[in-house]
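A.B. asks: To start, I am sharing the structure in question, which I have written as structure tokens.
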Amino acid sequence: MRIIVTGATGFLGRDVVRRLASEHEVVAVGGRHPPPGGVALDLRRPGVWRPLLDNWRPDWVVHLAAYREPDFCEEHPDETRALNTAPVVELMRELPSSSRALFVSTDYVFDGEHPPYHEDSPRHAVNVYGQSKIEAEDAVLARPDSIVLRIPLLVGSGPTFESSGFLYQIVGALRSPAPQTADAVLRRFPTWIRDVAEAISFLIARGFAGIIHYSGAEAMTRYDMIRSAAAVLGLDARHIRPSTDVVPRRAARPRDSQLATDRIRSLGFARFTPFAEVVRSFADDFPEAMAGSR
């Protein structure tokens, strides 16, 4: 099959492109600096979908491009909708009947007050990021042959040590000797980007349609994740204390937006890599940066 992947240079996109390209022809769409052989495209500009779709005639479009930092989105709501919502609406309007779409959404479409959340649970976002994804979901779901895949906190290795998001932040906190506090209230479900890439490949191969949830299986606060990473890496975590108060942020976060994974399990997908194993893989990916940590 021929598959267009947007956000191909993003944190998740690199692994999705790598996984799908092992079996299919992939057209990698990025911003200013797409992968070699890819397409540079600013999806915030109206009218860009039609030429792309006419030129490549994809069997699938896997749409990953989005602003995903909730605090940025809260401060820039118009810019957020210009990437997170408007291009999705246009894609679904322009997508040929012979093509299908898989849209990656978020657990932040839920308010976190009544977990676990199933695919048909009522949505109520507590921040701009989550609301932008709700609006995009509605556009995708207007076409019954499409997929909305909701996922939670992503962890894994970026193209560089410094671009590895949450795990880079954790290592930085552990290496800094300054006394710190870490949130011990908000429950997250860290999910490996390589597992998500595998889930996307699985759903496309199965021809699934509709809403589906995929999530790591472990409920962990930020403090839990720091302690787990410290144990794997052999780093001292005694200077980091748990906070029983939610650390104030520009954007509110759900207290516990656990995604129920019964549906994807019933389809036969059973890859749920433990957080400690993800940390080990991250350390293996950057041996020089992690020297002396284990």
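Residues in the structure tokens are numbered from 1 in each chain, the chains being A, B, ... in the order shown, and ligands are numbered from 1 in the order shown.
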Which residues are close to segment 28-30 of chain A, i.e. within 12 Å by only C-alpha atoms, leaving aside same-chain residues fewer than 5 positions away? Reply as a PyMOL selection string.
C.D. replies: chain A and resi 2-11+13-18+20-21+35-44+48-49+52-53+56+58+61-66
A.B. asks: Could you produce a table of the residues of segment 158-203 of chain A lying within 10 Å of segment 237-257 of chain A, with the nearest pair of atoms per residue and their separation in Å rounded to one decimal, using only C-alpha atoms, ordered by chain and increasing residue number, as a tab-separated table?
C.D. replies:
residue	atom	partner	partner_atom	distance
A:Ala173	CA	A:Ile240	CA	8.1
A:Leu174	CA	A:Ala237	CA	6.0
A:Arg175	CA	A:Ala237	CA	8.7
A:Ser176	CA	A:His239	CA	8.8
A:Pro177	CA	A:His239	CA	6.7
A:Ala178	CA	A:His239	CA	6.8
A:Pro179	CA	A:His239	CA	4.9
A:Gln180	CA	A:Ile240	CA	4.7
A:Thr181	CA	A:Arg241	CA	4.7
A:Ala182	CA	A:Pro242	CA	5.2
A:Asp183	CA	A:Ser243	CA	5.0
A:Ala184	CA	A:Ser243	CA	5.4
A:Val185	CA	A:Thr244	CA	5.9
A:Leu186	CA	A:Arg255	CA	4.7
A:Arg187	CA	A:Asp256	CA	5.0
A:Arg188	CA	A:Asp256	CA	6.6
A:Phe189	CA	A:Ser257	CA	8.6
A.B. asks: Output the selection as a tab-separated table (two decimals), in the first residue's frame - N, CA and C atoms for each residue.
C.D. replies:
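Below is the file again_27.tsv, written as the result:
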chain	number	residue	atom	x	y	z
A	173	ALA	N	16.68	15.82	35.60
A	173	ALA	CA	16.29	16.00	37.00
A	173	ALA	C	17.12	15.12	37.92
A	174	LEU	N	17.40	13.89	37.50
A	174	LEU	CA	18.18	12.98	38.32
A	174	LEU	C	19.64	13.40	38.42
A	175	ARG	N	20.17	13.96	37.38
A	175	ARG	CA	21.58	14.36	37.37
A	175	ARG	C	21.82	15.68	38.10
A	176	SER	N	20.80	16.51	38.20
A	176	SER	CA	20.94	17.77	38.91
A	176	SER	C	20.92	17.52	40.42
A	177	PRO	N	21.91	18.04	41.17
A	177	PRO	CA	21.93	17.79	42.61
A	177	PRO	C	20.96	18.67	43.39
A	178	ALA	N	20.35	19.64	42.74
A	178	ALA	CA	19.47	20.57	43.45
A	178	ALA	C	18.23	19.86	43.99
A	179	PRO	N	17.80	20.18	45.21
A	179	PRO	CA	16.56	19.60	45.74
A	179	PRO	C	15.37	19.96	44.84
A	180	GLN	N	14.53	18.98	44.60
A	180	GLN	CA	13.39	19.18	43.71
A	180	GLN	C	12.17	18.46	44.26
A	181	THR	N	11.01	18.85	43.74
A	181	THR	CA	9.78	18.10	44.01
A	181	THR	C	9.23	17.63	42.67
A	182	ALA	N	8.53	16.51	42.71
A	182	ALA	CA	7.91	15.96	41.50
A	182	ALA	C	6.49	15.56	41.81
A	183	ASP	N	5.61	15.80	40.87
A	183	ASP	CA	4.19	15.52	41.06
A	183	ASP	C	3.96	14.05	41.39
A	184	ALA	N	3.24	13.81	42.47
A	184	ALA	CA	2.89	12.45	42.89
A	184	ALA	C	1.38	12.28	42.95
A	185	VAL	N	0.66	13.07	42.14
A	185	VAL	CA	-0.80	13.07	42.17
A	185	VAL	C	-1.38	12.62	40.82
A	186	LEU	N	-0.99	13.29	39.75
A	186	LEU	CA	-1.56	13.00	38.43
A	186	LEU	C	-1.06	11.66	37.92
A	187	ARG	N	-2.00	10.78	37.59
A	187	ARG	CA	-1.65	9.44	37.11
A	187	ARG	C	-1.57	9.45	35.60
A	188	ARG	N	-0.41	9.00	35.08
A	188	ARG	CA	-0.19	8.91	33.64
A	188	ARG	C	0.10	7.46	33.28
A	189	PHE	N	0.02	7.17	32.00
A	189	PHE	CA	0.26	5.81	31.51
A	189	PHE	C	1.30	5.88	30.38
A.B. asks: With segment 99-103 of chain A as the partner and 7 Å as the cut-off, tabulate the residues of segment 137-237 of chain A that qualify, each row holding the nearest pair of atoms and their distance in Å to one decimal, using only C-alpha atoms, sorted by chain and rising number, as a Markdown table.
C.D. replies:
| residue | atom | partner | partner_atom | distance |
| --- | --- | --- | --- | --- |
| A:Asp145 | CA | A:Arg100 | CA | 6.6 |
| A:Ser146 | CA | A:Ala101 | CA | 5.1 |
| A:Ile147 | CA | A:Leu102 | CA | 4.6 |
| A:Val148 | CA | A:Phe103 | CA | 5.0 |
| A:Leu149 | CA | A:Phe103 | CA | 6.1 |
A.B. asks: Please give the complete set of residues from segment 34-224 of chain A that DSSP, run on the backbone, assigns to alpha helix (DSSP H), formatted as a PyMOL selection string.
C.D. replies: chain A and resi 49-56+70-75+77-84+86-94+128-141+165-175+193-206+222-224
A.B. asks: Out of A:Val155, A:Ile200, A:Val140, A:Ala230, which residue has the shortest atom-to-atom distance to Phe269 of chain A when counting only C-alpha atoms?
C.D. replies: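 Closest candidate: A:Ile200.
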A.B. asks: What does the distance from atom CA of Arg265 of chain A to atom CA of Arg280 of chain A come to in Å, to one decimal?
C.D. replies: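 Answer for the atom CA of Arg265 of chain A to atom CA of Arg280 of chain A separation: 25.2 Å.
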A.B. asks: Could you produce a table of the residues of segment 9-95 of chain A lying within 10 Å of segment 120-127 of chain A, with the nearest pair of atoms per residue and their separation in Å rounded to one decimal, using only C-alpha atoms, ordered by chain and increasing residue number, as JSON lines?
C.D. replies:
{"residue": "A:Pro70", "atom": "CA", "partner": "A:Asn127", "partner_atom": "CA", "distance": 7.3}
{"residue": "A:Asp71", "atom": "CA", "partner": "A:Asn127", "partner_atom": "CA", "distance": 8.8}
{"residue": "A:Cys73", "atom": "CA", "partner": "A:Asn127", "partner_atom": "CA", "distance": 8.3}
{"residue": "A:Glu74", "atom": "CA", "partner": "A:Asn127", "partner_atom": "CA", "distance": 6.7}
{"residue": "A:Pro77", "atom": "CA", "partner": "A:Asn127", "partner_atom": "CA", "distance": 9.8}
A.B. asks: For Pro190 of chain A, work out the shell of residues within 7 Å, counting only C-alpha atoms and skipping chain neighbours fewer than 4 positions away, then give it as a VMD selection string.
C.D. replies: chain A and resid 152 to 155 216 275
A.B. asks: Excluding segment 167-172 of chain A and its own-chain neighbours fewer than 3 positions away, which residues fall within 9 Å of it when counting only C-alpha atoms? Please give them as an NGL selection string.
C.D. replies: :A and (155-157 or 161-164 or 175-176 or 222 or 225-226 or 229-230 or 233 or 235 or 279 or 282 or 290)
A.B. asks: Step one, run DSSP on the backbone; step two, keep only residues of segment 32-246 of chain A assigned to strand (DSSP E); then write them as a ChimeraX atom specification.
C.D. replies: /A:39-40,60-63,100-106,147-151,154-155,180-183,191-192,210-213,240-243
